[in-house]
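Visitor: Data: coords_35.cif, mmCIF, C-alpha atoms.
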data_run
loop_
_atom_site.label_atom_id
_atom_site.label_comp_id
_atom_site.auth_asym_id
_atom_site.auth_seq_id
_atom_site.Cartn_x
_atom_site.Cartn_y
_atom_site.Cartn_z
CA MET A 1 39.81 55.22 -46.22
CA LEU A 2 38.92 51.71 -47.30
CA LYS A 3 37.19 51.50 -50.64
CA LYS A 4 36.08 47.88 -50.44
CA ILE A 5 35.82 44.90 -48.07
CA ILE A 6 35.94 41.36 -49.42
CA SER A 7 35.68 37.94 -47.81
CA GLY A 8 34.77 34.35 -48.62
CA GLY A 9 31.20 34.50 -47.28
CA GLN A 10 31.63 31.78 -44.67
CA THR A 11 29.91 32.04 -41.28
CA GLY A 12 31.84 33.74 -38.50
CA ALA A 13 34.64 36.15 -39.41
CA ASP A 14 33.79 36.33 -43.13
CA LEU A 15 30.14 37.17 -42.55
CA ALA A 16 30.98 39.75 -39.89
CA ALA A 17 33.16 41.64 -42.38
CA LEU A 18 30.39 41.64 -45.00
CA ASP A 19 27.73 42.78 -42.51
CA PHE A 20 30.05 45.55 -41.34
CA ALA A 21 30.51 46.74 -44.93
CA ILE A 22 26.77 46.70 -45.62
CA LYS A 23 26.01 48.53 -42.39
CA PHE A 24 28.36 51.41 -43.24
CA ASN A 25 27.68 51.56 -47.00
CA ILE A 26 31.20 50.35 -47.83
CA PRO A 27 31.30 48.41 -51.13
CA HIS A 28 31.82 44.70 -50.54
CA GLY A 29 32.46 41.56 -52.54
CA GLY A 30 34.70 38.54 -52.85
CA TRP A 31 34.52 34.99 -54.14
CA ILE A 32 32.50 32.09 -52.77
CA PRO A 33 32.44 28.39 -53.78
CA LEU A 34 30.00 27.24 -56.46
CA GLY A 35 26.43 27.17 -55.12
CA ARG A 36 27.25 29.97 -52.63
CA LYS A 37 28.08 27.22 -50.14
CA THR A 38 28.60 27.97 -46.43
CA GLU A 39 28.37 25.74 -43.39
CA SER A 40 24.89 27.11 -42.63
CA GLY A 41 23.57 26.72 -46.17
CA LYS A 42 23.40 28.97 -49.22
CA LEU A 43 24.65 32.53 -48.71
CA PRO A 44 21.77 35.03 -49.22
CA LEU A 45 21.86 37.07 -52.41
CA LYS A 46 22.08 40.37 -50.52
CA TYR A 47 25.79 39.60 -50.20
CA CYS A 48 27.42 40.61 -53.50
CA LEU A 49 29.88 37.75 -53.86
CA LYS A 50 30.84 36.00 -57.11
CA GLU A 51 30.63 32.23 -57.44
CA MET A 52 33.69 30.20 -58.33
CA GLU A 53 33.43 27.48 -60.95
CA THR A 54 34.31 24.95 -58.26
CA ARG A 55 33.04 24.06 -54.80
CA ASP A 56 36.62 24.02 -53.51
CA TYR A 57 37.19 26.38 -50.58
CA LYS A 58 40.94 26.59 -51.25
CA SER A 59 40.40 28.09 -54.71
CA ARG A 60 38.07 30.70 -53.26
CA THR A 61 40.57 31.56 -50.52
CA LYS A 62 43.39 32.10 -53.02
CA GLN A 63 41.26 34.23 -55.36
CA ASN A 64 40.24 36.59 -52.57
CA ILE A 65 43.88 37.07 -51.66
CA LEU A 66 44.76 37.86 -55.28
CA ASP A 67 41.87 40.35 -55.62
CA SER A 68 42.78 42.31 -52.49
CA GLN A 69 45.72 44.47 -51.48
CA GLY A 70 46.07 42.82 -48.10
CA THR A 71 44.45 40.29 -45.78
CA ALA A 72 43.55 40.64 -42.11
CA ILE A 73 43.12 37.31 -40.33
CA ILE A 74 41.40 37.58 -36.97
CA SER A 75 41.32 34.58 -34.65
CA ARG A 76 41.57 33.47 -31.05
CA GLY A 77 44.86 31.63 -30.69
CA ARG A 78 47.10 30.16 -33.35
CA LEU A 79 45.90 29.80 -36.90
CA THR A 80 44.41 26.47 -37.97
CA SER A 81 42.80 24.95 -41.08
CA GLY A 82 41.41 27.62 -43.45
CA SER A 83 42.90 30.56 -41.57
CA TRP A 84 46.35 28.99 -41.66
CA LEU A 85 45.91 28.33 -45.37
CA THR A 86 44.94 31.97 -45.93
CA GLN A 87 48.14 33.18 -44.32
CA SER A 88 50.20 30.63 -46.28
CA PHE A 89 48.69 31.68 -49.60
CA SER A 90 49.28 35.35 -48.74
CA LYS A 91 52.97 34.71 -48.12
CA ILE A 92 53.33 32.65 -51.31
CA GLU A 93 51.67 35.37 -53.39
CA GLY A 94 53.70 38.11 -51.72
CA LYS A 95 50.60 39.88 -50.43
CA PRO A 96 50.58 41.75 -47.08
CA ASN A 97 48.84 39.88 -44.29
CA CYS A 98 48.17 40.59 -40.64
CA HIS A 99 47.20 38.01 -38.01
CA ILE A 100 45.39 39.54 -35.04
CA ASN A 101 45.36 37.10 -32.12
CA LEU A 102 42.53 37.97 -29.73
CA ILE A 103 44.19 36.06 -26.91
CA ASN A 104 46.89 38.73 -26.92
CA SER A 105 44.81 41.80 -27.84
CA ASP A 106 41.47 43.24 -26.76
CA ILE A 107 39.06 44.84 -29.24
CA PHE A 108 40.60 48.32 -29.07
CA GLU A 109 44.17 47.05 -29.36
CA ALA A 110 43.12 44.88 -32.28
CA SER A 111 41.59 47.90 -34.04
CA LEU A 112 44.86 49.82 -33.61
CA ILE A 113 46.80 46.91 -35.12
CA LEU A 114 44.36 46.79 -38.03
CA GLN A 115 44.60 50.54 -38.57
CA SER A 116 48.41 50.40 -38.66
CA PHE A 117 48.34 47.47 -41.09
CA ILE A 118 45.95 49.22 -43.48
CA LEU A 119 47.75 52.58 -43.37
CA GLU A 120 51.27 51.16 -43.66
CA ASN A 121 50.32 49.06 -46.68
CA ARG A 122 47.97 51.67 -48.19
CA ILE A 123 45.22 49.10 -48.47
CA GLU A 124 42.05 50.16 -50.24
CA ILE A 125 40.65 46.66 -50.83
CA LEU A 126 40.86 44.58 -47.65
CA ASN A 127 40.30 40.83 -47.46
CA VAL A 128 39.04 39.71 -44.05
CA ALA A 129 39.36 36.12 -42.90
CA GLY A 130 39.16 34.02 -39.76
CA PRO A 131 37.45 30.99 -38.24
CA ARG A 132 33.91 29.97 -39.08
CA ALA A 133 31.17 30.21 -36.44
CA SER A 134 31.25 26.50 -35.59
CA HIS A 135 34.93 26.80 -34.67
CA ASP A 136 34.52 30.01 -32.66
CA PRO A 137 30.93 31.10 -31.82
CA CYS A 138 32.12 34.54 -30.63
CA ILE A 139 34.26 35.46 -33.62
CA TYR A 140 31.42 37.16 -35.54
CA PHE A 141 30.87 39.78 -32.83
CA ASP A 142 34.62 40.18 -32.25
CA VAL A 143 35.40 40.85 -35.91
CA LYS A 144 32.48 43.22 -36.35
CA SER A 145 33.48 45.12 -33.20
CA ILE A 146 37.11 45.41 -34.33
CA LEU A 147 36.12 46.76 -37.74
CA GLU A 148 33.72 49.27 -36.19
CA ALA A 149 36.38 50.38 -33.70
CA PHE A 150 38.81 50.81 -36.60
CA LEU A 151 36.30 52.98 -38.46
CA TYR A 152 35.78 55.02 -35.28
CA LEU A 153 39.53 55.68 -35.15
CA ILE A 154 39.37 56.94 -38.73
CA PHE A 155 36.45 59.17 -37.74
CA LEU A 156 38.44 60.64 -34.82
CA ASP A 157 41.51 61.18 -36.99
CA SER A 158 39.44 63.14 -39.48
CA SER A 159 38.66 65.78 -36.79
CA GLN A 160 34.93 65.67 -37.59
CA GLU A 161 33.63 64.87 -34.11
CA ASP A 162 32.95 68.43 -32.91
CA ARG A 163 31.52 69.55 -36.26
CA ILE A 164 29.13 66.58 -36.46
CA LYS A 165 27.94 67.07 -32.89
CA GLU A 166 27.21 70.73 -33.63
CA LEU A 167 24.45 69.51 -35.95
CA LEU A 168 22.55 67.82 -33.13
CA PRO A 169 19.23 69.34 -32.02
CA ALA A 170 19.85 71.85 -29.24
CA ASN A 171 16.52 71.54 -27.45
CA PRO A 172 15.72 68.78 -24.94
CA PHE A 173 13.16 66.24 -26.08
CA LYS A 174 10.23 64.42 -24.54
CA GLU A 175 9.95 60.66 -24.19
CA ASP A 176 7.48 60.24 -27.05
CA PHE A 177 9.15 57.13 -28.38
CA PRO A 178 8.24 55.91 -31.89
CA GLU A 179 7.16 52.34 -32.61
CA THR A 180 8.15 52.08 -36.28
CA LYS A 181 11.18 53.13 -38.33
CA ASP A 182 9.09 55.60 -40.33
CA GLN A 183 7.85 57.23 -37.13
CA ALA A 184 11.41 57.43 -35.83
CA VAL A 185 12.65 59.06 -39.02
CA GLU A 186 9.84 61.64 -39.09
CA LEU A 187 10.34 62.43 -35.39
CA ILE A 188 14.06 63.04 -35.76
CA ALA A 189 13.68 65.02 -38.99
CA GLU A 190 11.14 67.30 -37.33
CA GLU A 191 13.68 68.31 -34.68
CA LEU A 192 16.56 69.06 -37.05
CA SER A 193 17.47 72.52 -38.32
CA LEU A 194 17.29 73.30 -42.04
CA LYS A 195 21.08 73.38 -42.21
CA THR A 196 21.36 69.96 -40.62
CA LYS A 197 18.73 68.47 -42.93
CA ALA A 198 20.57 69.75 -45.97
CA HIS A 199 23.90 68.46 -44.65
CA ILE A 200 22.54 64.94 -44.14
CA ALA A 201 20.73 64.94 -47.49
CA ARG A 202 23.90 65.87 -49.40
CA LEU A 203 26.27 63.66 -47.41
CA ASP A 204 27.97 60.93 -49.46
CA LYS A 205 26.45 57.64 -48.30
CA ALA A 206 29.94 56.19 -47.87
CA ARG A 207 30.57 58.90 -45.23
CA ILE A 208 27.50 58.16 -43.16
CA HIS A 209 29.72 56.63 -40.49
CA SER A 210 30.61 60.19 -39.40
CA LEU A 211 26.99 60.80 -38.44
CA TYR A 212 26.71 57.36 -36.87
CA PHE A 213 29.61 57.84 -34.47
CA GLY A 214 28.80 61.47 -33.74
CA TRP A 215 25.09 60.87 -33.11
CA LEU A 216 24.98 57.31 -31.76
CA ASP A 217 24.21 58.21 -28.15
CA TYR A 218 21.64 60.85 -29.12
CA LEU A 219 19.74 58.54 -31.49
CA ARG A 220 19.72 55.60 -29.08
CA GLN A 221 18.20 57.81 -26.40
CA ARG A 222 15.85 59.76 -28.66
CA VAL A 223 13.99 56.73 -30.02
CA GLY A 224 14.07 54.84 -26.73
CA LEU A 225 16.37 51.98 -27.71
CA ASP A 226 18.28 52.59 -24.47
CA SER A 227 15.00 52.63 -22.54
CA GLY A 228 13.58 49.27 -23.56
CA ASN A 229 11.67 50.24 -26.69
CA GLU A 230 11.31 46.59 -27.71
CA ILE A 231 8.56 47.25 -30.26
CA LEU A 232 10.78 49.52 -32.34
CA PHE A 233 13.84 47.30 -31.90
CA SER A 234 12.01 44.18 -33.08
CA ARG A 235 10.60 46.00 -36.11
CA LEU A 236 13.99 47.40 -37.05
CA GLY A 237 15.41 43.88 -36.97
CA GLN A 238 12.73 42.25 -39.10
CA GLY A 239 14.21 40.12 -41.85
CA MET A 240 17.64 40.10 -40.22
CA ASP A 241 19.53 37.63 -38.07
CA THR A 242 17.97 38.40 -34.69
CA GLN A 243 20.93 36.91 -32.81
CA ALA A 244 23.38 39.21 -34.58
CA PHE A 245 21.22 42.35 -34.73
CA THR A 246 22.14 44.97 -32.11
CA ILE A 247 20.80 48.32 -30.91
CA GLU A 248 23.68 49.97 -32.78
CA ASP A 249 22.60 48.22 -35.98
CA GLY A 250 19.10 49.55 -35.40
CA VAL A 251 20.45 53.08 -35.08
CA MET A 252 22.16 52.75 -38.45
CA GLU A 253 18.95 51.50 -40.07
CA ILE A 254 17.20 54.65 -38.84
CA LEU A 255 20.06 56.89 -39.96
CA LYS A 256 20.12 55.44 -43.48
CA SER A 257 16.37 55.86 -43.80
CA LEU A 258 16.63 59.41 -42.45
CA GLN A 259 19.06 60.32 -45.21
CA VAL A 260 16.80 58.87 -47.91
CA TYR A 261 13.82 60.71 -46.38
CA LEU A 262 15.66 64.06 -46.36
CA GLN A 263 17.07 63.70 -49.87
CA THR A 264 13.58 64.15 -51.28
CA GLY A 265 13.22 67.69 -50.02
CA TYR A 266 16.71 68.90 -49.14
CA GLY A 267 19.20 67.14 -51.40
CA LEU A 268 19.54 70.03 -53.83
CA LYS A 269 19.07 72.96 -51.51
CA ILE A 270 21.95 75.32 -50.79
CA VAL A 271 21.98 76.69 -47.28
CA LYS A 272 24.06 79.79 -46.61
#
For this file, produce the structure as structure tokens.

Guide:
Amino acid sequence: MLKKIISGGQTGADLAALDFAIKFNIPHGGWIPLGRKTESGKLPLKYCLKEMETRDYKSRTKQNILDSQGTAIISRGRLTSGSWLTQSFSKIEGKPNCHINLINSDIFEASLILQSFILENRIEILNVAGPRASHDPCIYFDVKSILEAFLYLIFLDSSQEDRIKELLPANPFKEDFPETKDQAVELIAEELSLKTKAHIARLDKARIHSLYFGWLDYLRQRVGLDSGNEILFSRLGQGMDTQAFTIEDGVMEILKSLQVYLQTGYGLKIVK
């Protein structure tokens, strides 16, 4: 299991990796040029990157390679500019690197390549690189999808799927869709068994992806995100990049809040 994701904070591939890490409670970091410079302006402080003493992108690229155990470079076509430099630095420093060319691989194939690369090299700190958004407007969604598909493969390999689904509410529900995140959390919590509440409350936050993949379809349907519940969706996405925010991201926001909500009353309980 990955212990940390790092990147250079640039738009596109870098940002997708950081947003993926934040979504799934995976520690993240990396180095960014002085002033937290990106092509779209200053990188928000919610991203836990360290500033270099220089504005030079090359120095940042090299430092992220040195601080990781391997680098995955995801692009469409041959490597150019910064991505090519990333691969070159990796070879010079003797660090494992993997170039995933999306012209030759679809999302699922790319996730299998990434999984093999990480397992074969026993990578716990992964550096993710690729083109910026201005060079490839679709790369953000591609990289995020590949990383999520990779995490899903890990979830399947852990043989947790059936056990997680057993925790789902057994009774059918009515279409009383909530309009706020708090309402959604209270509605879901009300339908869970005591055992399930305690399980979620005590679950390590870094393992919340097991609930996400096991409950994704249920949660999307239960709160009406699959049925056009635009009020809830817009409120879940407040303060976030509306172009990048998805229904799946909204589900995770609810799930994280559900865990916090349940920890108050069930975090220390032992259920036999």

Visitor: Which value, in Å to one decimal, gives the distance between CA of Thr71 in chain A and CA of Gly214 in chain A?

Guide: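 For CA of Thr71 in chain A relative to CA of Gly214 in chain A, the distance reads 29.0 Å.
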
Visitor: At what distance in Å, to one decimal, does CA of Pro27 in chain A lie from CA of Lys95 in chain A?

Guide: 21.1 Å

Visitor: Let me make sure I understand: among A:Ile125, A:Val185, A:Leu219, A:Leu225, which one has the smallest atom-to-atom distance to Gln259 in chain A if we use all atoms listed in the file?

Guide: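 Among A:Ile125, A:Val185, A:Leu219, A:Leu225, it is A:Val185 that comes nearest to Gln259 in chain A.
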
Visitor: I'd like the residues picked by the PyMOL selection byres ((chain A and resi 59) around 12) written out as a list in words, using the chain letters and numbers from the file.

Guide: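 Applied to this file, the PyMOL selection byres ((chain A and resi 59) around 12) selects Gly8, Trp31, Ile32, Pro33, Leu34, Glu51, Met52, Glu53, Thr54, Arg55, Asp56, Tyr57, Lys58, Arg60, Thr61, Lys62, Gln63, Asn64, Ile65, Leu66, Gly82, Leu85, Thr86 and Phe89 of chain A.
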
Visitor: How close does each residue of range 170-249 of chain A get to range 131-155 of chain A, giving the shortest atom pair and distance in Å to one decimal for every residue with an atom at most 10 Å away, counting all atoms listed in the file, sorted by chain and residue number, as CSV?

Guide:
residue,atom,partner,partner_atom,distance
A:Arg207,CA,A:Phe155,CA,9.5
A:His209,CA,A:Phe155,CA,7.7
A:Ser210,CA,A:Phe155,CA,6.2
A:Leu211,CA,A:Phe155,CA,9.6
A:Tyr212,CA,A:Tyr152,CA,9.5
A:Phe213,CA,A:Tyr152,CA,6.8
A:Gly214,CA,A:Phe155,CA,8.9
A:Ala244,CA,A:Phe141,CA,7.7

Visitor: Taking only C-alpha atoms into account, which of A:Lys23, A:Lys37, A:His28, A:Lys256 comes nearest Ser7 in chain A?

Guide: A:His28

Visitor: Hey, which of A:Ile92, A:Val128, A:Ala189, A:Leu216 ends up closest to Ile164 in chain A? Count all atoms listed in the file.

Guide: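 Among A:Ile92, A:Val128, A:Ala189, A:Leu216, it is A:Leu216 that comes nearest to Ile164 in chain A.
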
Visitor: Out of A:Lys181, A:Ile74, A:Ser227, A:Leu119, which residue has the shortest atom-to-atom distance to Cys98 in chain A when counting only C-alpha atoms?

Guide: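 Ranking A:Lys181, A:Ile74, A:Ser227, A:Leu119 by distance to Cys98 in chain A, first place goes to A:Ile74.
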
Visitor: Asp249 in chain A: which residues within 9 Å, counting all atoms listed in the file, same-chain residues fewer than 3 positions away excluded, as a PyMOL selection string?

Guide: chain A and resi 23+236-237+245-246+252-254

Visitor: Could you turn the residues from that selection into a file that holds C-alpha atoms, as a CSV table (one decimal), in the frame of the given file?

Guide:
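Contents of again.csv, as written:
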chain,number,residue,atom,x,y,z
A,23,LYS,CA,26.0,48.5,-42.4
A,236,LEU,CA,14.0,47.4,-37.0
A,237,GLY,CA,15.4,43.9,-37.0
A,245,PHE,CA,21.2,42.4,-34.7
A,246,THR,CA,22.1,45.0,-32.1
A,252,MET,CA,22.2,52.8,-38.4
A,253,GLU,CA,19.0,51.5,-40.1
A,254,ILE,CA,17.2,54.6,-38.8

Visitor: Measure the distance from CA of Leu156 in chain A to CA of Arg76 in chain A in Å and round it to one decimal.

Guide: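 According to the coordinates, CA of Leu156 in chain A and CA of Arg76 in chain A are separated by 27.6 Å.
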
Visitor: Care to translate the PyMOL selection byres ((chain A and resi 73) around 6) into actual residues of this file, as a list in words?

Guide: Ala72, Ile74, His99, Ala129 and Gly130 of chain A

Visitor: If we count only C-alpha atoms, what is near Glu166 in chain A at a cut-off of 12 Å, once residues fewer than 5 positions away on the same chain are taken out, given as a list in words?

Guide: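 Listed by chain and then number, they are Gln160, Glu161, Leu192, Ser193, Lys195, Thr196, His199, Leu211, Gly214 and Trp215 of chain A.
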
Visitor: Which polymer residues have any atom within 9 Å of an atom of Asp19 in chain A, counting all atoms listed in the file, with same-chain residues fewer than 5 positions away left out, as a list in words?

Guide: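 The filter keeps Asp14, Phe24, Tyr47 and Lys144 of chain A.
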
Visitor: How big is the axis-aligned box, and where does its centre sit, when it encloses all atoms of range 204-223 of chain A listed in the file and has 6 Å added on every side, reported in Å to one decimal as lines of an AutoDock Vina configuration file?

Guide:
center_x = 22.3
center_y = 58.5
center_z = -37.9
size_x = 28.6
size_y = 17.9
size_z = 35.1

Visitor: I'd like to see the residues matched by the PyMOL selection byres ((chain A and resi 177) around 6) on this file, and ideally I'd get them as an MDAnalysis selection string.

Guide: chainID A and resid 175:176 178 223:224

Visitor: For a quick check of understanding, using all atoms listed in the file, which of A:Ile22, A:Gly41, A:Asp217, A:Met1 has the smallest distance to Ile118 in chain A?

Guide: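 Closest residue, counting all atoms listed in the file: A:Met1.
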